[in-house]
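Participant: Input model_38.cif, format and content: mmCIF, C-alpha atoms.
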```
data_model
#
loop_
_atom_site.group_PDB
_atom_site.id
_atom_site.type_symbol
_atom_site.label_atom_id
_atom_site.label_comp_id
_atom_site.auth_asym_id
_atom_site.auth_seq_id
_atom_site.Cartn_x
_atom_site.Cartn_y
_atom_site.Cartn_z
ATOM 1 C CA MET A 63 -19.910 -53.763 80.795
ATOM 2 C CA THR A 64 -22.706 -51.247 80.848
ATOM 3 C CA ARG A 65 -24.675 -50.328 77.766
ATOM 4 C CA GLY A 66 -23.190 -46.825 77.699
ATOM 5 C CA SER A 67 -19.607 -48.080 77.767
ATOM 6 C CA MET A 68 -20.402 -50.599 75.024
ATOM 7 C CA LEU A 69 -21.714 -47.819 72.788
ATOM 8 C CA LEU A 70 -18.576 -45.787 73.367
ATOM 9 C CA SER A 71 -16.198 -48.660 72.691
ATOM 10 C CA GLY A 72 -18.135 -50.145 69.798
ATOM 11 C CA VAL A 73 -19.507 -53.603 69.271
ATOM 12 C CA PHE A 74 -16.087 -55.124 68.703
ATOM 13 C CA ASP A 75 -13.255 -54.170 70.987
ATOM 14 C CA LEU A 76 -10.342 -54.201 68.531
ATOM 15 C CA PRO A 77 -7.011 -52.451 68.717
ATOM 16 C CA SER A 78 -6.597 -49.584 66.266
ATOM 17 C CA TRP A 79 -4.649 -51.746 63.802
ATOM 18 C CA GLY A 80 -7.523 -54.268 63.906
ATOM 19 C CA TYR A 81 -9.942 -51.715 62.471
ATOM 20 C CA VAL A 82 -7.451 -51.017 59.663
ATOM 21 C CA VAL A 83 -7.235 -54.738 58.885
ATOM 22 C CA VAL A 84 -11.038 -55.094 58.906
ATOM 23 C CA ALA A 85 -11.401 -52.084 56.574
ATOM 24 C CA LEU A 86 -8.800 -53.524 54.181
ATOM 25 C CA VAL A 87 -10.466 -56.954 54.145
ATOM 26 C CA LEU A 88 -13.925 -55.478 53.490
ATOM 27 C CA THR A 89 -12.521 -53.251 50.731
ATOM 28 C CA HIS A 90 -10.764 -56.230 49.164
ATOM 29 C CA ILE A 91 -14.016 -58.230 49.129
ATOM 30 C CA THR A 92 -15.653 -55.364 47.214
ATOM 31 C CA ILE A 93 -12.771 -55.227 44.709
ATOM 32 C CA VAL A 94 -12.987 -58.996 44.138
ATOM 33 C CA ALA A 95 -16.770 -58.747 43.738
ATOM 34 C CA VAL A 96 -16.411 -56.068 41.052
ATOM 35 C CA THR A 97 -13.582 -57.872 39.251
ATOM 36 C CA VAL A 98 -14.861 -61.442 39.397
ATOM 37 C CA PHE A 99 -18.627 -61.065 39.553
ATOM 38 C CA LEU A 100 -19.488 -57.867 37.694
ATOM 39 C CA HIS A 101 -16.664 -57.746 35.184
ATOM 40 C CA ARG A 102 -15.819 -61.361 34.348
ATOM 41 C CA HIS A 103 -19.095 -63.122 35.174
ATOM 42 C CA GLN A 104 -21.797 -60.590 34.297
ATOM 43 C CA ALA A 105 -20.339 -58.253 31.674
ATOM 44 C CA HIS A 106 -18.191 -60.679 29.684
ATOM 45 C CA HIS A 107 -19.644 -64.090 30.616
ATOM 46 C CA ALA A 108 -16.024 -65.295 30.863
ATOM 47 C CA LEU A 109 -16.631 -67.605 33.823
ATOM 48 C CA ASP A 110 -19.422 -69.420 35.583
ATOM 49 C CA LEU A 111 -20.032 -68.883 39.287
ATOM 50 C CA HIS A 112 -21.963 -71.076 41.669
ATOM 51 C CA PRO A 113 -25.383 -69.520 42.371
ATOM 52 C CA VAL A 114 -24.472 -69.030 46.042
ATOM 53 C CA ALA A 115 -21.351 -67.058 45.073
ATOM 54 C CA SER A 116 -23.339 -64.989 42.568
ATOM 55 C CA ARG A 117 -25.983 -64.108 45.133
ATOM 56 C CA PHE A 118 -23.364 -63.276 47.759
ATOM 57 C CA PHE A 119 -21.495 -60.928 45.394
ATOM 58 C CA ARG A 120 -24.725 -59.303 44.191
ATOM 59 C CA LEU A 121 -25.897 -58.668 47.762
ATOM 60 C CA TRP A 122 -22.447 -57.470 48.852
ATOM 61 C CA LEU A 123 -22.202 -54.959 46.001
ATOM 62 C CA TRP A 124 -25.729 -53.727 46.551
ATOM 63 C CA LEU A 125 -25.032 -53.151 50.248
ATOM 64 C CA THR A 126 -21.575 -51.583 49.835
ATOM 65 C CA THR A 127 -21.827 -49.633 46.568
ATOM 66 C CA ASP A 128 -25.527 -49.478 45.594
ATOM 67 C CA MET A 129 -24.534 -50.897 42.188
ATOM 68 C CA LYS A 130 -27.158 -52.944 40.437
ATOM 69 C CA THR A 131 -25.778 -55.817 38.396
ATOM 70 C CA ARG A 132 -27.760 -55.210 35.209
ATOM 71 C CA ASP A 133 -26.918 -51.497 35.161
ATOM 72 C CA TRP A 134 -23.202 -52.084 35.764
ATOM 73 C CA ALA A 135 -22.959 -54.662 32.973
ATOM 74 C CA ALA A 136 -24.793 -52.393 30.506
ATOM 75 C CA ILE A 137 -22.553 -49.426 31.311
ATOM 76 C CA HIS A 138 -19.447 -51.594 31.040
ATOM 77 C CA ARG A 139 -20.514 -52.892 27.629
ATOM 78 C CA LYS A 140 -21.012 -49.279 26.518
ATOM 79 C CA HIS A 141 -17.474 -48.611 27.762
ATOM 80 C CA HIS A 142 -16.139 -51.269 25.373
ATOM 81 C CA ALA A 143 -18.313 -50.101 22.470
ATOM 82 C CA LYS A 144 -17.339 -46.425 22.806
ATOM 83 C CA CYS A 145 -13.784 -46.854 24.147
ATOM 84 C CA GLU A 146 -11.678 -43.664 24.281
ATOM 85 C CA THR A 147 -14.367 -41.453 22.756
ATOM 86 C CA ALA A 148 -16.413 -38.643 24.273
ATOM 87 C CA GLU A 149 -19.357 -41.079 24.547
ATOM 88 C CA GLU A 150 -17.482 -43.532 26.794
ATOM 89 C CA PRO A 151 -19.086 -43.546 30.242
ATOM 90 C CA HIS A 152 -15.829 -43.382 32.204
ATOM 91 C CA SER A 153 -12.991 -42.352 29.917
ATOM 92 C CA PRO A 154 -9.974 -40.971 31.793
ATOM 93 C CA GLN A 155 -9.077 -39.024 28.649
ATOM 94 C CA VAL A 156 -12.439 -37.247 28.661
ATOM 95 C CA LEU A 157 -13.218 -37.021 32.386
ATOM 96 C CA GLY A 158 -9.706 -37.006 33.827
ATOM 97 C CA ILE A 159 -7.865 -39.777 35.628
ATOM 98 C CA ASN A 160 -8.617 -38.500 39.137
ATOM 99 C CA ARG A 161 -12.360 -38.377 38.565
ATOM 100 C CA VAL A 162 -12.415 -41.905 37.133
ATOM 101 C CA LEU A 163 -10.134 -43.443 39.777
ATOM 102 C CA TRP A 164 -11.609 -41.782 42.855
ATOM 103 C CA GLY A 165 -15.209 -41.495 41.685
ATOM 104 C CA GLY A 166 -15.669 -44.622 39.570
ATOM 105 C CA VAL A 167 -18.502 -46.016 41.679
ATOM 106 C CA ILE A 168 -20.235 -42.643 41.668
ATOM 107 C CA LEU A 169 -19.945 -42.468 37.864
ATOM 108 C CA TYR A 170 -21.577 -45.892 37.505
ATOM 109 C CA VAL A 171 -24.384 -45.122 39.968
ATOM 110 C CA CYS A 172 -25.126 -41.730 38.351
ATOM 111 C CA MET A 173 -25.203 -43.219 34.836
ATOM 112 C CA ALA A 174 -27.557 -45.981 35.933
ATOM 113 C CA ASN A 175 -30.085 -43.572 37.472
#
```
Write the structure described by the file as structure tokens, please.

Facilitator:
Amino acid sequence: MTRGSMLLSGVFDLPSWGYVVVALVLTHITIVAVTVFLHRHQAHHALDLHPVASRFFRLWLWLTTDMKTRDWAAIHRKHHAKCETAEEPHSPQVLGINRVLWGGVILYVCMAN
């Protein structure tokens, strides 16, 4: 295989359904990282994670969402303190359900900066 044909076909030669599966798996890892690491472990201290798992989730979220752990936890705690008010950082009643569902990561990143 020449270099030019490798660039055109990609690094991995998967069938089209394979790329869908890879995208779903990577998305699921991000969802688990937010749910388990950021929400349960960092914001609520509801479970303990092994340091290797914590570092993996922190790195994964930084690479995939640009979310910083400390900022996410602080914003989430504000969410609980100001729930369903105009001061809540991501209230669907204030901002609209579509904006919160489809732009949740953007809301967190913008609030942290």

Participant: I'd like the interatomic distance between atom CA of Ser153 of chain A and atom CA of Thr97 of chain A, to a tenth of an Å.

Facilitator: 18.1 Å

Participant: By how many Å are atom CA of Trp122 of chain A and atom CA of His90 of chain A apart?

Facilitator: 11.8 Å

Participant: Might you pull out every residue within 8 Å of segment 167-173 of chain A, with all atoms listed in the file counted and same-chain residues fewer than 2 positions away left off, and present them as a count of residues only?

Facilitator: 10

Participant: For each of A:Ile159, A:Ala174, A:Ala148, A:Leu76, take the minimum atom-to-atom distance to Lys130 of chain A, counting all atoms listed in the file, then give the residue where this is smallest.

Facilitator: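 Nearest to Lys130 of chain A: A:Ala174.
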
Participant: Can you work out the spacing between atom CA of Gly166 of chain A and atom CA of Pro154 of chain A in Å, to one decimal?

Facilitator: 10.3 Å

Participant: Under the PyMOL selection byres ((chain A and resi 116-120) around 9), which residues of this model are included? Write them out as a list in words.

Facilitator: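 Listing what the PyMOL selection byres ((chain A and resi 116-120) around 9) selects in the shown file: Ile91, Thr92, Val94, Ala95, Val96, Val98, Phe99, Leu100, His103, Leu111, His112, Pro113, Val114, Ala115, Leu121, Trp122, Leu123, Trp124, Leu125, Met129, Lys130 and Thr131 of chain A.
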